[in-house]
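Take a look at the structure below.
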Amino acid sequence: MSHQKYVYLDNAATTPMDPRVIDEITKHFKETYGNSSSLHSLGQKAAKVLEQSREKVATLIHANREDIVFTSGGTESNNMALFGVAMKNKDRGNHIITSSIEHHAIEVPCKQLEKRGFEVTYLPVDKYGVIKLDDLENAITDKTILITIMFANNEIGTIEPIKEIGKIAREHDIIFHTDAVQAFGKIPINVDELNIDLLSASAHKIYGPKGVGLLYMRNKGYREKRKKYMESLMYGGGHERDWRPSTVNVPGIAGFAKAVEICEQEMAQEIERETRLRDKIIKFIMENIDDTILNGHPSKRLPNNVNISFKYIEGESILLDLDARDIAASTGSACSSKSLEPSHVLLAIGLNPQDAHGSLRVSLGRFTTEEDVDYFLENLPPIIQRLRAMSPLARK
Ligand SMILES: *Cc1c(COP(=O)(O)O)cnc(C)c1O
């Protein structure tokens with residue numbers, strides 16, 4: 001049976017937009033074009049859509065509407081959080097704690113802060129990619145102003161002990177930020193229960209538009225108490241209460257809110273469905289293909305993430321062969337990026353560079369069907385077999 005559809009298994013990189021989100025955005029591009037700062041009725045209509053959207057996205061993480069600032073995406077939210085806290089608190093301390101498996105959108109800002117006189121501790125992780133709470137406790141000094149640890153890892157899907165991290169941060173009166181781009185909309189998040197002060201999320205990872213994101217900023221106490229621990233990085237026309245000036249992307253934000261609404265309604269059933277497909281893939285590969293390593297935690301992992309290393313071959317070669325069969329996936333192999341080093345995440349969990357080069361990430365999504373998974377599982381073994389037959393590393 002020929003497979004007509006392109007099988008997209010790279011939902012951790014970005015998701016296709018949900019048609020319901022496209023409808024919503026299209027409607028607002030046509031009708032809600034007023035500037036949300038304008039006083040006329042079209043402007044006020046846009047302002048109303050903006051505030052309704054803010055309410056919607058806040059509800060998903062049990063936050064207050066006023067604690068949400070819309071941004072251009074996860075990267076901007078992360079930069080806003082890290083530089084905002086660093087600049088405001090630099091006289092109090094210059095120490096930041098993060099993990100060794102963060103997304104580049106945290107790692108690179110941290111490196112930049114080091115160039116500007118900040119000290120950054122990169123906590124190690126165990127073989128599953130989980131940080132150790134003792135290491136966190138031990139890393140804290142009286143100069144520590146910020147802890148930033150990702151909610152769930154984008155490569156291996158591991159979910160960090162966010163509640164415990166938040167508790168430690170709170171006990172030491174340190175601001176806690178989490179890059180939740182991979183977790184937001186996928187698994188339940190309650191910023192109060194988890195002691196989160198700052199949280200980054202992005203619309204394009206949850207079937208919304210690219211170029212739209214948010215930063216949740218806890219209001220610690222009375223009016224605009226955020227200004228006590230955060231500084232604005234941009235200056236302009238005062239949009240988003242001065243946190244993020246620039247004419248607001250109301251249609252995109254309305255699409256983000258629609259995407260959140262759908263995630264909220266379908267989360268429970270989607271977690272169940274994707275977990276089943278995820279575990280079907282893992283089980284099949286571990287049982288049918290020799291010399292494989294499951295990367296990431298066996299159970300504390302995102303419902304949509306599979307990451308497996310195939311010894312003796314290159315992840316990039318697997319990708320090209322899959323692509324030739326109309327299947328999209330991803331790899332932590334160096335050849336897919338400009339650097340020569342393989343994924344820092346896979347090295348941090350203790351893989352040797354060779355095994356890191358042989359990694360394949362399969363990330364499922366709302367539109368992934370059982371048929372897609374079966375098509376992938378039908379095509380994968382002959383690809384691995386063929387590549388290993390050509391590999392000088394493989395024992396034959
Ligand atoms: C995708 C991603 C980002 C970047 O988000 P953008 O909206 O593309 O800027 C940041 N962190 C993680 C964990 C991600 O997966």
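Order determines the names: the first chain of the structure tokens is A, the second B, and so forth; residues in each chain are numbered 1 upward, and ligands are numbered 1 upward as they are shown.
DSSP on the backbone gives helix (DSSP H, G or I) for these parts of region 177-250 of chain A: Ala203, His204, Lys205, Lys225, Arg226, Lys227, Lys228, His239, Glu240, Arg241, Asp242 and Val250 of chain A.
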task: Would you mind listing what lies within 12 Å of Ser246 (chain A) as JSON, numbers by chain, with only C-alpha atoms counted and same-chain residues fewer than 5 positions away left out?
output: {"A": [35, 36, 37, 70, 71, 72, 234, 235, 236, 237, 238, 239, 240, 241]}
Suppose we keep C-alpha atoms; can you now write the selection as a CSV table (one decimal), in the first residue's frame?
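Result file follows (selection_32.csv):
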```
chain,number,residue,atom,x,y,z
A,35,ASN,CA,-4.1,49.2,16.7
A,36,SER,CA,-4.9,48.0,20.2
A,37,SER,CA,-3.5,51.3,21.5
A,70,PHE,CA,3.2,38.6,24.9
A,71,THR,CA,6.5,38.4,23.0
A,72,SER,CA,7.8,37.2,19.6
A,234,MET,CA,13.3,47.5,25.2
A,235,TYR,CA,11.9,51.1,25.1
A,236,GLY,CA,9.2,52.5,23.0
A,237,GLY,CA,5.5,53.1,22.9
A,238,GLY,CA,4.6,51.5,26.2
A,239,HIS,CA,2.8,48.4,24.9
A,240,GLU,CA,2.4,45.4,27.1
A,241,ARG,CA,2.8,47.8,30.1
```
To check your reading of the model: which residues sit at most 8 Å from ligand 1 when counting only C-alpha atoms and all ligand atoms? Write the answer as a JSON list (two decimals) with N, CA, C and O atoms, in the first residue's frame.
```json
[["chain", "number", "residue", "atom", "x", "y", "z"],
["A", 12, "ALA", "N", 8.65, 18.56, 17.70],
["A", 12, "ALA", "CA", 9.39, 19.31, 18.72],
["A", 12, "ALA", "C", 10.12, 20.50, 18.09],
["A", 12, "ALA", "O", 10.48, 21.45, 18.78],
["A", 13, "ALA", "N", 10.33, 20.44, 16.78],
["A", 13, "ALA", "CA", 10.99, 21.56, 16.08],
["A", 13, "ALA", "C", 9.98, 22.66, 15.80],
["A", 13, "ALA", "O", 10.24, 23.85, 16.02],
["A", 14, "THR", "N", 8.84, 22.26, 15.31],
["A", 14, "THR", "CA", 7.71, 23.16, 15.14],
["A", 14, "THR", "C", 6.51, 22.31, 14.76],
["A", 14, "THR", "O", 6.67, 21.18, 14.30],
["A", 72, "SER", "N", 7.67, 37.78, 20.93],
["A", 72, "SER", "CA", 7.76, 37.22, 19.58],
["A", 72, "SER", "C", 8.11, 35.73, 19.60],
["A", 72, "SER", "O", 8.35, 35.14, 18.55],
["A", 73, "GLY", "N", 8.18, 35.11, 20.78],
["A", 73, "GLY", "CA", 8.47, 33.67, 20.81],
["A", 73, "GLY", "C", 9.26, 33.27, 22.04],
["A", 73, "GLY", "O", 9.54, 34.09, 22.92],
["A", 74, "GLY", "N", 9.60, 32.00, 22.09],
["A", 74, "GLY", "CA", 10.30, 31.45, 23.25],
["A", 74, "GLY", "C", 11.67, 32.09, 23.46],
["A", 74, "GLY", "O", 12.07, 32.38, 24.59],
["A", 75, "THR", "N", 12.38, 32.33, 22.38],
["A", 75, "THR", "CA", 13.73, 32.90, 22.49],
["A", 75, "THR", "C", 13.68, 34.29, 23.09],
["A", 75, "THR", "O", 14.46, 34.62, 24.00],
["A", 76, "GLU", "N", 12.75, 35.10, 22.62],
["A", 76, "GLU", "CA", 12.64, 36.46, 23.18],
["A", 76, "GLU", "C", 12.24, 36.41, 24.65],
["A", 76, "GLU", "O", 12.78, 37.15, 25.47],
["A", 77, "SER", "N", 11.31, 35.53, 24.98],
["A", 77, "SER", "CA", 10.87, 35.42, 26.38],
["A", 77, "SER", "C", 12.05, 35.03, 27.27],
["A", 77, "SER", "O", 12.23, 35.59, 28.36],
["A", 78, "ASN", "N", 12.85, 34.08, 26.82],
["A", 78, "ASN", "CA", 14.02, 33.65, 27.60],
["A", 78, "ASN", "C", 15.01, 34.80, 27.79],
["A", 78, "ASN", "O", 15.51, 35.02, 28.89],
["A", 102, "GLU", "N", 20.16, 22.79, 28.58],
["A", 102, "GLU", "CA", 19.19, 23.79, 28.12],
["A", 102, "GLU", "C", 19.20, 23.93, 26.59],
["A", 102, "GLU", "O", 20.20, 23.65, 25.93],
["A", 103, "HIS", "N", 18.09, 24.43, 26.08],
["A", 103, "HIS", "CA", 17.98, 24.82, 24.67],
["A", 103, "HIS", "C", 18.96, 25.98, 24.41],
["A", 103, "HIS", "O", 19.30, 26.72, 25.33],
["A", 104, "HIS", "N", 19.38, 26.13, 23.17],
["A", 104, "HIS", "CA", 20.29, 27.23, 22.84],
["A", 104, "HIS", "C", 19.73, 28.58, 23.26],
["A", 104, "HIS", "O", 20.50, 29.50, 23.56],
["A", 105, "ALA", "N", 18.41, 28.70, 23.30],
["A", 105, "ALA", "CA", 17.78, 29.97, 23.65],
["A", 105, "ALA", "C", 17.94, 30.31, 25.14],
["A", 105, "ALA", "O", 17.55, 31.40, 25.58],
["A", 106, "ILE", "N", 18.51, 29.40, 25.92],
["A", 106, "ILE", "CA", 18.94, 29.71, 27.30],
["A", 106, "ILE", "C", 20.47, 29.66, 27.35],
["A", 106, "ILE", "O", 21.11, 30.54, 27.93],
["A", 150, "MET", "N", 14.99, 24.28, 32.48],
["A", 150, "MET", "CA", 13.90, 24.01, 31.54],
["A", 150, "MET", "C", 12.87, 23.05, 32.13],
["A", 150, "MET", "O", 13.20, 22.19, 32.95],
["A", 151, "PHE", "N", 11.62, 23.19, 31.71],
["A", 151, "PHE", "CA", 10.54, 22.32, 32.21],
["A", 151, "PHE", "C", 10.72, 20.92, 31.64],
["A", 151, "PHE", "O", 10.73, 19.93, 32.37],
["A", 152, "ALA", "N", 10.84, 20.83, 30.32],
["A", 152, "ALA", "CA", 11.03, 19.53, 29.66],
["A", 152, "ALA", "C", 12.01, 19.73, 28.52],
["A", 152, "ALA", "O", 11.97, 20.75, 27.83],
["A", 153, "ASN", "N", 12.89, 18.75, 28.35],
["A", 153, "ASN", "CA", 13.94, 18.91, 27.35],
["A", 153, "ASN", "C", 13.44, 18.67, 25.92],
["A", 153, "ASN", "O", 12.70, 17.72, 25.66],
["A", 154, "ASN", "N", 13.90, 19.52, 25.01],
["A", 154, "ASN", "CA", 13.44, 19.44, 23.63],
["A", 154, "ASN", "C", 14.04, 18.27, 22.85],
["A", 154, "ASN", "O", 13.47, 17.83, 21.87],
["A", 179, "ASP", "N", 12.10, 27.56, 31.14],
["A", 179, "ASP", "CA", 11.81, 27.52, 29.71],
["A", 179, "ASP", "C", 10.84, 26.35, 29.51],
["A", 179, "ASP", "O", 11.26, 25.19, 29.51],
["A", 180, "ALA", "N", 9.55, 26.68, 29.39],
["A", 180, "ALA", "CA", 8.52, 25.64, 29.32],
["A", 180, "ALA", "C", 8.00, 25.47, 27.89],
["A", 180, "ALA", "O", 6.89, 24.97, 27.69],
["A", 181, "VAL", "N", 8.81, 25.87, 26.91],
["A", 181, "VAL", "CA", 8.33, 25.86, 25.53],
["A", 181, "VAL", "C", 7.84, 24.46, 25.11],
["A", 181, "VAL", "O", 6.84, 24.33, 24.41],
["A", 182, "GLN", "N", 8.53, 23.41, 25.56],
["A", 182, "GLN", "CA", 8.13, 22.06, 25.15],
["A", 182, "GLN", "C", 7.00, 21.48, 26.00],
["A", 182, "GLN", "O", 6.37, 20.50, 25.60],
["A", 200, "SER", "N", 8.58, 30.78, 30.12],
["A", 200, "SER", "CA", 8.53, 31.10, 28.70],
["A", 200, "SER", "C", 7.74, 30.04, 27.93],
["A", 200, "SER", "O", 7.86, 28.85, 28.21],
["A", 201, "ALA", "N", 6.95, 30.50, 26.96],
["A", 201, "ALA", "CA", 6.20, 29.58, 26.10],
["A", 201, "ALA", "C", 6.15, 30.16, 24.69],
["A", 201, "ALA", "O", 6.39, 31.34, 24.48],
["A", 202, "SER", "N", 5.82, 29.30, 23.73],
["A", 202, "SER", "CA", 5.82, 29.70, 22.33],
["A", 202, "SER", "C", 4.63, 29.09, 21.60],
["A", 202, "SER", "O", 4.28, 27.93, 21.83],
["A", 203, "ALA", "N", 4.01, 29.87, 20.70],
["A", 203, "ALA", "CA", 2.79, 29.40, 20.02],
["A", 203, "ALA", "C", 3.07, 28.33, 18.97],
["A", 203, "ALA", "O", 2.28, 27.40, 18.78],
["A", 204, "HIS", "N", 4.23, 28.42, 18.30],
["A", 204, "HIS", "CA", 4.43, 27.52, 17.15],
["A", 204, "HIS", "C", 4.76, 26.08, 17.55],
["A", 204, "HIS", "O", 4.83, 25.20, 16.70],
["A", 205, "LYS", "N", 4.94, 25.83, 18.86],
["A", 205, "LYS", "CA", 5.15, 24.46, 19.31],
["A", 205, "LYS", "C", 3.83, 23.80, 19.69],
["A", 205, "LYS", "O", 3.79, 22.63, 20.05],
["A", 210, "LYS", "N", 3.96, 30.92, 14.11],
["A", 210, "LYS", "CA", 5.35, 31.24, 14.45],
["A", 210, "LYS", "C", 5.46, 32.72, 14.75],
["A", 210, "LYS", "O", 4.68, 33.53, 14.25],
["A", 211, "GLY", "N", 6.42, 33.07, 15.61],
["A", 211, "GLY", "CA", 6.63, 34.49, 15.92],
["A", 211, "GLY", "C", 5.72, 35.04, 17.00],
["A", 211, "GLY", "O", 5.55, 36.25, 17.11],
["A", 212, "VAL", "N", 5.12, 34.18, 17.79],
["A", 212, "VAL", "CA", 4.28, 34.63, 18.92],
["A", 212, "VAL", "C", 4.64, 33.78, 20.15],
["A", 212, "VAL", "O", 4.76, 32.56, 20.05],
["A", 213, "GLY", "N", 4.85, 34.43, 21.26],
["A", 213, "GLY", "CA", 5.16, 33.72, 22.50],
["A", 213, "GLY", "C", 4.70, 34.51, 23.70],
["A", 213, "GLY", "O", 4.03, 35.54, 23.56]]
```
task: Rank A:Pro382, A:Gly185, A:Pro251, A:Pro19 by their smallest atom-to-atom distance to Ile61 (chain A), using only C-alpha atoms, and report the top residue only.
output: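 Going through A:Pro382, A:Gly185, A:Pro251, A:Pro19 one by one, the smallest distance to Ile61 (chain A) is for A:Gly185.
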query: If we count only C-alpha atoms, what is near Asp67 (chain A) at a cut-off of 7 Å, once residues fewer than 3 positions away on the same chain are taken out, given as a ChimeraX atom specification?
result: /A:63-64,216-219
query: If we count only C-alpha atoms, what is near region 155-172 of chain A at a cut-off of 6 Å, once residues fewer than 3 positions away on the same chain are taken out, given as a list in words?
result: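 In the requested form, the answer reads Val130, Phe151, Ala152, Leu194, Asn195, Ile196, Gly296, His297, Lys300, Arg301, Leu302, Asn305 and Asn307 of chain A.
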